[in-house]
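Asks: File work.tsv below, TSV, C-alpha atoms:
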chain	number	residue	atom	x	y	z
A	25	MET	CA	103.88	188.39	-60.13
A	26	ALA	CA	101.04	189.09	-57.86
A	27	ARG	CA	100.76	186.65	-55.01
A	28	ARG	CA	97.51	185.97	-53.34
A	29	ARG	CA	97.59	185.36	-49.66
A	30	ARG	CA	94.91	183.43	-47.86
A	31	MET	CA	93.71	185.07	-44.71
A	32	ALA	CA	94.95	182.91	-41.87
A	33	ALA	CA	92.49	181.71	-39.27
A	34	PRO	CA	93.17	183.25	-35.84
A	35	LYS	CA	95.56	181.10	-33.86
A	36	GLY	CA	95.39	180.34	-30.20
A	37	ARG	CA	98.01	181.51	-27.77
A	38	ASP	CA	101.23	179.57	-27.50
A	39	ASP	CA	100.88	179.07	-23.77
A	40	ASP	CA	98.15	176.89	-22.31
A	41	VAL	CA	95.90	179.17	-20.28
A	42	ARG	CA	93.97	176.37	-18.63
A	43	LEU	CA	96.31	176.13	-15.66
A	44	MET	CA	95.91	179.85	-15.04
A	45	ALA	CA	92.12	179.51	-15.40
A	46	ALA	CA	92.13	176.64	-12.89
A	47	LEU	CA	94.14	178.72	-10.42
A	48	VAL	CA	91.79	181.70	-10.80
A	49	THR	CA	88.77	179.38	-10.33
A	50	PHE	CA	90.36	177.92	-7.21
A	51	GLY	CA	91.01	181.41	-5.89
A	52	VAL	CA	87.48	182.66	-6.53
A	53	THR	CA	85.89	179.56	-4.98
A	54	SER	CA	88.21	179.75	-1.97
A	55	MET	CA	87.31	183.40	-1.39
A	56	ILE	CA	83.60	182.57	-1.46
A	57	LEU	CA	84.14	179.65	0.92
A	58	MET	CA	86.12	181.85	3.31
A	59	ALA	CA	83.32	184.42	3.26
A	60	VAL	CA	80.86	181.61	4.09
A	61	MET	CA	83.03	180.48	7.01
A	62	PHE	CA	83.16	184.04	8.26
A	63	LEU	CA	79.37	184.46	8.01
A	64	ALA	CA	78.41	181.06	9.41
A	65	PRO	CA	81.16	178.67	10.50
A	66	VAL	CA	80.78	175.00	9.66
A	67	VAL	CA	79.07	172.95	12.36
A	68	LYS	CA	80.42	169.44	12.80
A	69	VAL	CA	77.49	167.05	12.61
A	70	GLY	CA	77.75	163.41	13.66
A	71	PRO	CA	77.13	160.92	16.43
A	72	SER	CA	80.54	161.35	18.09
A	73	GLU	CA	80.86	163.13	21.40
A	74	GLY	CA	81.17	166.89	20.95
A	75	GLU	CA	79.41	166.89	17.58
A	76	LEU	CA	75.92	168.13	16.83
A	77	ALA	CA	73.60	165.13	16.68
A	78	PRO	CA	72.38	164.37	13.16
A	79	ASP	CA	68.87	165.71	12.75
A	80	PHE	CA	66.07	163.66	11.27
A	81	SER	CA	62.36	163.91	10.71
A	82	ALA	CA	60.16	160.83	10.65
A	83	GLN	CA	56.85	159.44	11.78
A	84	ALA	CA	56.56	158.88	15.51
A	85	TYR	CA	54.28	156.90	17.78
A	86	SER	CA	53.51	157.89	21.33
A	87	GLY	CA	50.41	155.85	22.00
A	88	GLY	CA	47.95	157.47	19.62
A	89	GLU	CA	48.24	158.25	15.93
A	90	TRP	CA	51.57	158.23	14.10
A	91	GLU	CA	52.66	161.84	13.77
A	92	GLY	CA	55.49	163.85	12.29
A	93	PHE	CA	58.51	164.25	14.54
A	94	ARG	CA	61.74	166.15	14.14
A	95	LEU	CA	64.64	165.56	16.51
A	96	SER	CA	65.94	169.13	16.41
A	97	ASP	CA	62.58	170.39	17.68
A	98	LEU	CA	63.75	169.05	21.06
A	99	PHE	CA	66.96	171.09	21.00
A	100	ASN	CA	67.28	174.20	23.12
A	101	LYS	CA	69.99	176.18	21.35
A	102	SER	CA	70.20	178.79	24.10
A	103	TRP	CA	71.10	176.17	26.70
A	104	VAL	CA	74.34	176.76	28.61
A	105	PRO	CA	76.16	174.09	30.66
A	106	GLY	CA	74.69	173.98	34.14
A	107	GLY	CA	71.46	175.59	32.99
A	108	ASP	CA	67.99	174.11	32.92
A	109	GLY	CA	66.93	172.04	29.95
A	110	HIS	CA	65.92	168.57	28.95
A	111	TRP	CA	68.69	166.20	27.98
A	112	ILE	CA	67.83	163.68	25.29
A	113	ILE	CA	68.50	159.96	25.06
A	114	VAL	CA	68.43	158.63	21.52
A	115	GLN	CA	68.20	154.85	21.60
A	116	TYR	CA	68.31	152.72	18.44
A	117	ILE	CA	66.70	149.32	18.56
A	118	ASP	CA	65.44	146.55	16.32
A	119	THR	CA	62.30	144.94	17.75
A	120	ASP	CA	63.69	141.51	16.75
A	121	CYS	CA	67.08	141.98	18.38
A	122	PRO	CA	67.41	139.93	21.60
A	123	TYR	CA	69.63	142.52	23.31
A	124	CYS	CA	67.06	145.25	22.58
A	125	TRP	CA	64.39	142.94	23.94
A	126	SER	CA	66.15	142.52	27.26
A	127	GLU	CA	67.20	146.19	27.40
A	128	GLY	CA	63.51	147.07	27.57
A	129	GLU	CA	63.56	146.59	31.32
A	130	MET	CA	66.59	148.80	31.90
A	131	MET	CA	65.01	151.51	29.75
A	132	SER	CA	61.85	151.34	31.86
A	133	GLN	CA	63.93	151.82	35.00
A	134	LEU	CA	65.96	154.67	33.54
A	135	HIS	CA	62.83	156.41	32.37
A	136	SER	CA	61.22	156.13	35.81
A	137	GLN	CA	64.31	157.66	37.35
A	138	TRP	CA	65.16	160.39	34.83
A	139	ASN	CA	62.00	161.38	32.97
A	140	GLN	CA	61.92	164.79	34.66
A	141	GLU	CA	65.32	165.71	33.26
A	142	VAL	CA	65.65	163.59	30.14
A	143	THR	CA	63.51	163.13	27.03
A	144	PHE	CA	63.63	159.57	25.75
A	145	VAL	CA	63.50	158.87	22.02
A	146	THR	CA	63.63	155.32	20.67
A	147	VAL	CA	64.35	154.91	16.97
A	148	VAL	CA	63.33	151.55	15.52
A	149	VAL	CA	65.32	150.21	12.59
A	150	GLU	CA	65.13	146.90	10.79
A	151	LEU	CA	68.48	145.16	10.60
A	152	GLY	CA	69.14	143.25	7.42
A	153	ILE	CA	69.09	139.88	9.15
A	154	GLN	CA	66.86	136.94	8.33
A	155	GLY	CA	63.84	136.89	10.63
A	156	HIS	CA	64.16	140.57	11.52
A	157	ASP	CA	61.16	141.73	9.51
A	158	SER	CA	59.27	144.39	11.36
A	159	SER	CA	56.25	146.62	10.92
A	160	ARG	CA	54.56	149.56	12.57
A	161	GLY	CA	52.20	147.12	14.26
A	162	GLU	CA	55.18	145.37	15.82
A	163	VAL	CA	56.72	148.70	16.87
A	164	GLU	CA	53.49	149.71	18.59
A	165	ALA	CA	53.19	146.36	20.32
A	166	PHE	CA	56.85	146.42	21.44
A	167	ARG	CA	56.41	149.86	22.95
A	168	ASP	CA	53.01	149.22	24.51
A	169	LYS	CA	53.73	145.60	25.54
A	170	THR	CA	50.58	144.40	23.84
A	171	PRO	CA	49.94	140.95	22.35
A	172	TYR	CA	51.64	140.61	18.95
A	173	ASP	CA	53.63	137.66	17.69
A	174	GLY	CA	56.93	138.58	16.12
A	175	CYS	CA	58.94	140.63	18.62
A	176	ASN	CA	62.39	139.20	19.41
A	177	THR	CA	61.95	137.19	16.17
A	178	ASN	CA	59.27	134.83	17.46
A	179	SER	CA	58.14	136.03	20.88
A	180	ASN	CA	54.98	137.77	21.89
A	181	CYS	CA	55.56	141.49	22.37
A	182	ALA	CA	53.45	141.38	25.53
A	183	ASP	CA	56.21	139.35	27.17
A	184	ARG	CA	58.89	142.00	26.68
A	185	PRO	CA	60.84	142.69	29.89
A	186	GLY	CA	60.03	145.96	31.62
A	187	ASN	CA	56.92	148.08	31.66
A	188	PRO	CA	55.06	149.56	28.72
A	189	HIS	CA	57.15	152.48	27.48
A	190	SER	CA	55.48	155.86	27.58
A	191	TRP	CA	57.98	157.76	25.45
A	192	ILE	CA	58.13	158.35	21.74
A	193	TYR	CA	59.04	155.63	19.24
A	194	ILE	CA	60.25	156.58	15.76
A	195	ASP	CA	59.65	154.56	12.62
A	196	ASP	CA	62.96	154.24	10.79
A	197	LEU	CA	62.31	150.77	9.43
A	198	ASN	CA	63.77	151.85	6.09
A	199	SER	CA	66.97	152.93	7.91
A	200	ARG	CA	67.10	156.47	6.55
A	201	THR	CA	68.84	157.83	9.63
A	202	SER	CA	71.21	154.97	10.43
A	203	GLY	CA	73.86	156.20	7.98
A	204	ASP	CA	74.09	159.66	9.55
A	205	TRP	CA	74.19	158.07	12.98
A	206	GLU	CA	76.87	155.57	11.86
A	207	LEU	CA	74.82	152.86	13.49
A	208	PRO	CA	77.11	149.94	14.34
A	209	GLY	CA	74.24	147.62	15.35
A	210	THR	CA	71.53	147.55	17.95
A	211	PRO	CA	70.99	148.44	20.69
A	212	PHE	CA	72.83	151.73	20.46
A	213	ALA	CA	72.35	154.82	22.59
A	214	ALA	CA	73.61	158.36	22.78
A	215	LEU	CA	72.94	161.02	25.37
A	216	LEU	CA	72.53	164.53	24.00
A	217	GLN	CA	72.86	167.80	25.84
A	218	PRO	CA	69.74	169.99	25.67
A	219	ASP	CA	71.37	171.94	22.81
A	220	GLY	CA	71.74	168.79	20.71
A	221	ILE	CA	75.46	168.22	21.20
A	222	VAL	CA	76.34	164.55	21.77
A	223	ALA	CA	77.60	164.24	25.34
A	224	TRP	CA	77.90	160.47	25.54
A	225	ASN	CA	78.10	157.86	22.83
A	226	HIS	CA	77.79	154.21	23.74
A	227	ASN	CA	80.50	153.36	21.22
A	228	GLN	CA	83.17	155.66	22.61
A	229	PRO	CA	84.08	153.87	25.86
A	230	GLU	CA	87.61	155.25	25.67
A	231	ASN	CA	86.15	158.64	26.64
A	232	HIS	CA	84.23	157.32	29.63
A	233	PRO	CA	85.10	156.04	33.11
A	234	THR	CA	85.85	152.32	32.90
A	235	GLY	CA	82.76	150.18	32.43
A	236	GLU	CA	80.34	153.08	32.34
A	237	GLU	CA	76.97	152.25	30.81
A	238	MET	CA	73.99	154.50	30.16
A	239	ALA	CA	72.83	154.57	33.78
A	240	GLY	CA	76.27	155.73	34.90
A	241	ALA	CA	76.45	158.30	32.15
A	242	LEU	CA	73.10	159.77	33.18
A	243	GLN	CA	74.23	159.89	36.79
A	244	ARG	CA	77.53	161.58	35.88
A	245	LEU	CA	76.33	164.01	33.22
A	246	VAL	CA	72.75	164.82	34.19
A	247	GLY	CA	72.79	164.00	37.89
A	248	GLY	CA	76.14	165.69	38.40
A	249	SER	CA	77.76	162.95	40.46
B	4	MET	CA	60.56	190.04	3.88
B	5	ALA	CA	63.07	187.95	1.93
B	6	VAL	CA	62.57	189.81	-1.34
B	7	LEU	CA	64.04	192.96	0.22
B	8	ASP	CA	67.20	191.25	1.48
B	9	PRO	CA	70.23	193.19	0.16
B	10	PRO	CA	72.13	189.98	-0.78
B	11	LEU	CA	69.13	188.77	-2.75
B	12	MET	CA	68.88	192.10	-4.54
B	13	ILE	CA	72.58	191.87	-5.44
B	14	PHE	CA	72.14	188.36	-6.84
B	15	ILE	CA	69.09	189.41	-8.85
B	16	ALA	CA	71.05	192.39	-10.18
B	17	GLY	CA	73.82	189.94	-11.18
B	18	LEU	CA	71.31	187.83	-13.10
B	19	ALA	CA	69.98	190.96	-14.81
B	20	VAL	CA	73.49	192.08	-15.81
B	21	ALA	CA	74.33	188.62	-17.17
B	22	SER	CA	71.08	188.56	-19.17
B	23	ALA	CA	71.69	192.05	-20.55
B	24	ILE	CA	75.21	191.09	-21.68
B	25	ALA	CA	73.83	187.96	-23.36
B	26	LEU	CA	71.17	189.98	-25.19
B	27	GLN	CA	73.78	192.47	-26.39
B	28	ALA	CA	76.06	189.64	-27.49
B	29	ARG	CA	73.34	188.20	-29.70
B	30	SER	CA	73.25	191.38	-31.77
B	31	LYS	CA	77.04	191.46	-32.23
B	32	ASP	CA	78.81	189.52	-34.93
B	33	GLY	CA	82.20	187.88	-34.85
B	34	GLU	CA	84.68	187.71	-32.06
B	35	ASP	CA	83.21	190.61	-30.09
B	36	GLY	CA	79.85	188.88	-29.85
B	37	THR	CA	81.44	185.58	-28.85
B	38	ARG	CA	83.52	187.29	-26.19
B	39	ALA	CA	80.45	189.05	-24.80
B	40	MET	CA	78.54	185.76	-24.73
B	41	ILE	CA	81.36	184.16	-22.73
B	42	ASP	CA	81.33	187.16	-20.38
B	43	SER	CA	77.63	186.62	-19.83
B	44	GLY	CA	78.20	182.95	-18.97
B	45	LEU	CA	80.97	183.96	-16.58
B	46	VAL	CA	78.66	186.38	-14.76
B	47	PHE	CA	75.97	183.69	-14.54
B	48	SER	CA	78.47	181.24	-13.05
B	49	VAL	CA	79.76	183.81	-10.54
B	50	VAL	CA	76.19	184.55	-9.42
B	51	GLY	CA	75.67	180.78	-9.14
B	52	LEU	CA	78.83	180.46	-7.04
B	53	MET	CA	77.83	183.29	-4.73
B	54	SER	CA	74.23	182.15	-4.27
B	55	SER	CA	75.38	178.58	-3.60
B	56	GLY	CA	77.81	179.92	-1.01
B	57	TRP	CA	74.99	181.90	0.56
B	58	THR	CA	72.73	178.85	0.80
B	59	TYR	CA	75.61	176.94	2.43
B	60	ALA	CA	75.99	179.77	4.96
B	61	ILE	CA	72.24	179.56	5.67
B	62	HIS	CA	72.60	175.78	6.11
B	63	ASN	CA	75.39	176.27	8.69
B	64	SER	CA	73.51	179.04	10.43
B	65	ILE	CA	70.39	176.88	10.85
B	66	LEU	CA	72.50	174.00	12.20
B	67	ASP	CA	74.27	176.27	14.64
B	68	SER	CA	71.36	178.16	16.11
B	69	GLY	CA	68.24	176.35	14.92
B	70	SER	CA	67.20	179.38	12.87
B	71	THR	CA	68.75	181.98	10.60
B	72	THR	CA	68.68	185.72	10.12
B	73	MET	CA	70.05	185.33	6.59
B	74	CYS	CA	66.68	184.50	5.05
B	75	ALA	CA	63.02	184.46	6.03
B	76	SER	CA	61.76	181.33	7.78
B	77	GLU	CA	58.01	181.95	7.52
B	78	GLY	CA	55.62	182.08	4.62
B	79	LEU	CA	55.70	180.85	1.05
B	80	VAL	CA	58.99	182.52	0.06
B	81	GLN	CA	61.51	181.37	2.65
B	82	CYS	CA	64.62	179.27	3.18
B	83	GLY	CA	64.19	177.84	6.68
B	84	SER	CA	61.81	175.02	5.75
B	85	VAL	CA	63.77	174.16	2.62
B	86	ILE	CA	67.45	174.41	3.58
B	87	GLY	CA	66.61	173.41	7.15
B	88	ASP	CA	64.84	170.18	6.22
B	89	PRO	CA	67.15	167.31	7.24
B	90	ASN	CA	65.56	164.91	4.77
B	91	TRP	CA	66.12	167.07	1.70
B	92	ASN	CA	68.91	169.55	2.39
B	93	ASN	CA	71.78	167.36	1.25
B	94	LEU	CA	72.91	165.03	-1.49
B	95	PHE	CA	74.35	161.87	0.12
B	96	GLY	CA	75.29	163.94	3.17
B	97	ILE	CA	76.80	166.82	1.18
B	98	PRO	CA	74.85	170.08	1.61
B	99	TRP	CA	73.36	171.33	-1.66
B	100	GLY	CA	75.29	174.58	-1.22
B	101	ILE	CA	78.59	172.70	-1.48
B	102	THR	CA	77.31	170.75	-4.48
B	103	GLY	CA	76.39	174.06	-6.12
B	104	LEU	CA	79.78	175.61	-5.32
B	105	LEU	CA	81.65	172.70	-6.89
B	106	SER	CA	79.38	172.59	-9.95
B	107	PHE	CA	79.55	176.32	-10.66
B	108	SER	CA	83.33	176.22	-10.13
B	109	LEU	CA	83.57	173.74	-12.98
B	110	LEU	CA	81.35	175.87	-15.22
B	111	PHE	CA	83.35	178.99	-14.31
B	112	PHE	CA	86.63	177.22	-15.12
B	113	LEU	CA	85.39	176.06	-18.53
B	114	PHE	CA	84.19	179.52	-19.56
B	115	LEU	CA	87.18	181.33	-18.07
B	116	SER	CA	89.54	179.09	-20.04
B	117	MET	CA	87.67	179.90	-23.24
B	118	ARG	CA	87.63	183.60	-22.36
B	119	MET	CA	91.40	183.58	-21.93
B	120	ASP	CA	92.01	181.87	-25.27
B	121	MET	CA	89.03	181.69	-27.59
B	122	HIS	CA	91.09	180.25	-30.46
B	123	ALA	CA	92.78	177.42	-28.60
B	124	LYS	CA	92.51	173.93	-30.05
B	125	TRP	CA	90.57	172.75	-27.03
B	126	ALA	CA	88.10	175.68	-27.05
B	127	GLU	CA	85.51	173.81	-29.12
B	128	SER	CA	85.68	170.83	-26.77
B	129	PHE	CA	85.26	173.14	-23.78
B	130	GLU	CA	82.15	174.61	-25.37
B	131	LEU	CA	80.72	171.14	-25.65
B	132	TYR	CA	81.73	170.26	-22.07
B	133	SER	CA	80.06	173.46	-20.83
B	134	LEU	CA	76.85	172.58	-22.59
B	135	LEU	CA	76.91	169.00	-21.30
B	136	ALA	CA	77.75	170.07	-17.74
B	137	GLY	CA	74.91	172.59	-17.80
B	138	LEU	CA	72.52	169.97	-19.12
B	139	ALA	CA	73.65	167.54	-16.41
B	140	GLY	CA	72.57	170.09	-13.80
B	141	LEU	CA	69.05	170.45	-15.12
B	142	PRO	CA	67.62	167.24	-13.59
B	143	PHE	CA	68.94	168.35	-10.19
B	144	VAL	CA	67.26	171.74	-10.58
B	145	ALA	CA	63.99	170.02	-11.53
B	146	PHE	CA	64.32	167.69	-8.54
B	147	LEU	CA	65.01	170.54	-6.10
B	148	VAL	CA	62.09	172.61	-7.38
B	149	PHE	CA	59.88	169.52	-7.00
B	150	VAL	CA	61.15	169.06	-3.44
B	151	GLU	CA	60.55	172.64	-2.34
B	152	LEU	CA	57.10	172.71	-3.89
B	153	THR	CA	55.86	169.35	-2.68
B	154	GLN	CA	58.13	167.52	-0.24
B	155	VAL	CA	59.42	169.81	2.52
B	156	LYS	CA	57.45	170.40	5.67
B	157	GLY	CA	54.63	172.88	5.05
B	158	ALA	CA	55.14	172.72	1.25
B	159	PRO	CA	54.88	174.54	-1.06
B	160	HIS	CA	57.80	176.85	-0.31
B	161	ILE	CA	60.10	178.80	-2.58
B	162	CYS	CA	63.65	179.35	-1.42
B	163	PRO	CA	64.71	182.60	-3.15
B	164	PHE	CA	68.47	182.02	-2.96
B	165	CYS	CA	68.07	178.48	-4.27
B	166	THR	CA	66.00	179.91	-7.12
B	167	VAL	CA	68.79	182.36	-7.96
B	168	ALA	CA	71.22	179.42	-8.23
B	169	HIS	CA	68.74	177.53	-10.45
B	170	LEU	CA	68.26	180.56	-12.72
B	171	SER	CA	72.04	180.99	-12.90
B	172	LEU	CA	72.38	177.47	-14.23
B	173	ILE	CA	69.61	177.98	-16.78
B	174	GLY	CA	71.19	181.27	-17.88
B	175	PHE	CA	74.59	179.62	-18.16
B	176	LEU	CA	73.11	176.81	-20.20
B	177	ALA	CA	71.51	179.33	-22.57
B	178	THR	CA	74.87	181.06	-23.13
B	179	ALA	CA	76.66	177.74	-23.62
B	180	HIS	CA	74.08	176.81	-26.24
B	181	ALA	CA	74.37	180.22	-27.91
B	182	LEU	CA	78.15	179.78	-28.10
B	183	ARG	CA	77.75	176.42	-29.85
B	184	VAL	CA	75.36	177.96	-32.35
B	185	ARG	CA	77.77	180.83	-33.02
B	186	ARG	CA	80.68	178.50	-33.67
B	187	LYS	CA	78.64	176.42	-36.11
B	188	SER	CA	77.77	179.56	-38.06
B	189	TRP	CA	81.43	180.63	-38.36
Show how you would write the structure in this file as structure tokens.

Replies:
Amino acid sequence: MARRRRMAAPKGRDDDVRLMAALVTFGVTSMILMAVMFLAPVVKVGPSEGELAPDFSAQAYSGGEWEGFRLSDLFNKSWVPGGDGHWIIVQYIDTDCPYCWSEGEMMSQLHSQWNQEVTFVTVVVELGIQGHDSSRGEVEAFRDKTPYDGCNTNSNCADRPGNPHSWIYIDDLNSRTSGDWELPGTPFAALLQPDGIVAWNHNQPENHPTGEEMAGALQRLVGGS
Amino acid sequence: MAVLDPPLMIFIAGLAVASAIALQARSKDGEDGTRAMIDSGLVFSVVGLMSSGWTYAIHNSILDSGSTTMCASEGLVQCGSVIGDPNWNNLFGIPWGITGLLSFSLLFFLFLSMRMDMHAKWAESFELYSLLAGLAGLPFVAFLVFVELTQVKGAPHICPFCTVAHLSLIGFLATAHALRVRRKSW
């Protein structure tokens, strides 16, 4: 008796090849990553000392029109320790924060003393606290010490301690940069080497001589004493 | 000029090879055609992996020295203003190159698994996953093209290595779709 046989559909392999495929994928990806590391090693970016300061671009005010500003444009990548170059202070403030209000005077003094060697950059954020609403008008008035009600929550900006500030103020009222800078609160400051590496972070006192504040850090790192 | 960069020429050649394999596969019936279509998708995903790795290297190079010799930084076709823009060169802090590497790894894994056993029970599911994963990447490609054409400093710019990665994804998606169509016609 003739028997008809149905043609069987092709069957898959008995072993599961997915593990092998995963291993091959891992190997290929690892080789590409190693080639990348060889071509251009990873640069550690962050606000901690020894890391490259997080870059940002934003609108900046220096007394005239608001203009585009990029932090890394200040970096001198060919700088070597001991060489010439402008160090950079990045200060974060909220115009309604009382500590930032009173720090205005110290910043004026530091700027008078160090403006030949250090570029000052103040980044203005708006903390999520009731009464801390800010605006570009308030930022301008805080910097320029001009009449404007609302600085330090309900003070007139013209009464801010210190002189009018002549350096650049950055609008970060929507807090785009505060995540990268791991902003713990305001005021916060970091001192950058001319090549953009963080040399001093206000929040790493364990790395500094006891009780050292920004003035001491400038004296030690920029002044060399 | 960026167009003459040897790495870029290699990536473009990879895209051309993948496209040629896909075109050949369309004219083949049965298992041979399916296998060739999978091969095409694999080549697309490898080109995507390599171009993503290259953009990550450019990213690191710009961070390290403020500029890069791995791609032009002037003119319309350039990488410096695109990959070097701190506002747009990352996704929640992760460089786009790393995002691309991880994404193309997944696509490579899915197609490699199917290539190693086309008749496995899970092969049909993997075809669907490949198609869905490719489709999931499309909004990101559209967003990145929008960014380089309108948002970065001095826009419009076209980053050639980024474009290779985008074309790799589109090519992969086309092969994943073709595979689905082939299976339905079996």

Asks: Skip region 114-128 of chain B itself and residues of its chain fewer than 4 positions away, then list as a compact mmCIF listing (two decimals) with C-alpha atoms, in the frame of the given file all residues within 10 Å of it, counting all atoms listed in the file.

Replies:
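Result written to result_23.txt:
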# COMPACT_ATOMS: atom_id res chain seq x y z
CA ALA A 33 92.49 181.71 -39.27
CA PRO A 34 93.17 183.25 -35.84
CA LYS A 35 95.56 181.10 -33.86
CA GLY A 36 95.39 180.34 -30.20
CA ARG A 37 98.01 181.51 -27.77
CA ASP A 38 101.23 179.57 -27.50
CA ASP A 39 100.88 179.07 -23.77
CA ASP A 40 98.15 176.89 -22.31
CA VAL A 41 95.90 179.17 -20.28
CA ARG A 42 93.97 176.37 -18.63
CA LEU A 43 96.31 176.13 -15.66
CA MET A 44 95.91 179.85 -15.04
CA ALA A 45 92.12 179.51 -15.40
CA ALA A 46 92.13 176.64 -12.89
CA VAL A 48 91.79 181.70 -10.80
CA THR A 49 88.77 179.38 -10.33
CA GLU B 34 84.68 187.71 -32.06
CA THR B 37 81.44 185.58 -28.85
CA ARG B 38 83.52 187.29 -26.19
CA ALA B 39 80.45 189.05 -24.80
CA MET B 40 78.54 185.76 -24.73
CA ILE B 41 81.36 184.16 -22.73
CA ASP B 42 81.33 187.16 -20.38
CA SER B 43 77.63 186.62 -19.83
CA GLY B 44 78.20 182.95 -18.97
CA LEU B 45 80.97 183.96 -16.58
CA SER B 48 78.47 181.24 -13.05
CA LEU B 109 83.57 173.74 -12.98
CA LEU B 110 81.35 175.87 -15.22
CA TYR B 132 81.73 170.26 -22.07
CA SER B 133 80.06 173.46 -20.83
CA LEU B 134 76.85 172.58 -22.59
CA PHE B 175 74.59 179.62 -18.16
CA ALA B 179 76.66 177.74 -23.62
CA LEU B 182 78.15 179.78 -28.10
CA ARG B 183 77.75 176.42 -29.85
CA ARG B 186 80.68 178.50 -33.67

Asks: Tell me, as JSON, numbers by chain, which residues lie within 12 Å of region 14-21 of chain B, counting only C-alpha atoms; anything in the same chain fewer than 2 positions away does not count.

Replies: {"B": [6, 7, 8, 9, 10, 11, 12, 23, 24, 25, 26, 27, 28, 39, 40, 41, 42, 43, 44, 45, 46, 47, 48, 49, 50, 51, 52, 53, 54, 55, 56, 57, 163, 164, 165, 166, 167, 168, 169, 170, 171, 172, 173, 174, 175, 177, 178]}

Asks: Using only C-alpha atoms, find the one residue out of B:Ile13, B:Ala158, B:Ala136, B:Ile86 that sits nearest to Trp99 (chain B).

Replies: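 Of B:Ile13, B:Ala158, B:Ala136, B:Ile86, the one nearest Trp99 (chain B), counting only C-alpha atoms, is B:Ile86.
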
Asks: Record the distance separating CA of Gly83 (chain B) and CA of Ser106 (chain B), expressed in Å with one decimal.

Replies: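 About the pair CA of Gly83 (chain B) and CA of Ser106 (chain B): they are 23.1 Å apart.
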
Asks: Smallest atom-to-atom distance to Asn227 (chain A): which of A:Asp118, A:Glu73, A:Glu127, A:Asp97, using only C-alpha atoms?

Replies: A:Glu73

Asks: Have a look at B:His180, B:Phe112, B:Ser22, B:Pro159 and name the one nearest to Glu130 (chain B); count only C-alpha atoms.

Replies: B:His180

Asks: Counting all atoms listed in the file, what is within 9 Å of region 91-93 of chain B, bar same-chain residues fewer than 3 positions away, as an MDAnalysis selection string?

Replies: chainID B and resid 62 85:88 96:100 102 147 150:151 154:155

Asks: Calculated over all atoms listed in the file, which of the candidates B:Leu104, B:Asp35, B:Asn63, B:Glu77 has the smallest distance to Phe62 (chain A)?

Replies: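 Of B:Leu104, B:Asp35, B:Asn63, B:Glu77, the one nearest Phe62 (chain A), counting all atoms listed in the file, is B:Asn63.
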
Asks: Report, in Å with one decimal, the straight-line distance from CA of Glu150 (chain A) to CA of Ser126 (chain A).

Replies: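 Atom-to-atom, CA of Glu150 (chain A) to CA of Ser126 (chain A), that is 17.1 Å.
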
Asks: Skipping near chain neighbours, those fewer than 3 positions away, what residues fall within 12 Å of Ala241 (chain A) using all atoms listed in the file, listed as a list in words?

Replies: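 Residues meeting the cut-off are Trp111, Ile113, Leu134, Trp138, Ala213, Ala214, Leu215, Leu216, Gln217, Ala223, Trp224, Asn225, His226, Gln228, Pro229, Asn231, His232, Pro233, Thr234, Gly235, Glu236, Glu237, Met238, Arg244, Leu245, Val246, Gly247, Gly248 and Ser249 of chain A.
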
Asks: Go ahead and compute the interatomic distance for CA of Ser81 (chain A) and CA of Leu66 (chain B), in Å to one decimal.

Replies: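 Distance between the two atoms: 14.4 Å.
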
Asks: Go through A:Gln140, A:Asn100, A:Asn198, A:Ser132 and flag the residue nearest chain B, using all atoms listed in the file for the distances.

Replies: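 Closest residue, counting all atoms listed in the file: A:Asn100.
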
Asks: Could you name the residues that touch Asp120 (chain A) at 9 Å or less, counting all atoms listed in the file, but leaving out those on the same chain fewer than 2 positions away, as a list of chain:residue names?

Replies: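 Skipping anything fewer than 2 positions along the chain leaves A:Ile117, A:Asp118, A:Pro122, A:Tyr123, A:Cys124, A:Trp125, A:Glu150, A:Leu151, A:Gly155, A:His156, A:Asp157, A:Ser158, A:Gly174, A:Cys175, A:Asn176, A:Thr177, A:Asn178, A:Ser179.
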
Asks: Using C-alpha atoms, can you export the residues from the last selection as a tab-separated table (two decimals), in the frame of the given file?

Replies:
chain	number	residue	atom	x	y	z
A	117	ILE	CA	66.70	149.32	18.56
A	118	ASP	CA	65.44	146.55	16.32
A	122	PRO	CA	67.41	139.93	21.60
A	123	TYR	CA	69.63	142.52	23.31
A	124	CYS	CA	67.06	145.25	22.58
A	125	TRP	CA	64.39	142.94	23.94
A	150	GLU	CA	65.13	146.90	10.79
A	151	LEU	CA	68.48	145.16	10.60
A	155	GLY	CA	63.84	136.89	10.63
A	156	HIS	CA	64.16	140.57	11.52
A	157	ASP	CA	61.16	141.73	9.51
A	158	SER	CA	59.27	144.39	11.36
A	174	GLY	CA	56.93	138.58	16.12
A	175	CYS	CA	58.94	140.63	18.62
A	176	ASN	CA	62.39	139.20	19.41
A	177	THR	CA	61.95	137.19	16.17
A	178	ASN	CA	59.27	134.83	17.46
A	179	SER	CA	58.14	136.03	20.88

Asks: Which residue out of B:Leu79, B:Leu105, B:Leu135, B:Cys162 has the minimum interatomic distance to chain A when all atoms listed in the file are used?

Replies: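 Between B:Leu79, B:Leu105, B:Leu135, B:Cys162, the residue approaching chain A most closely is B:Leu105.
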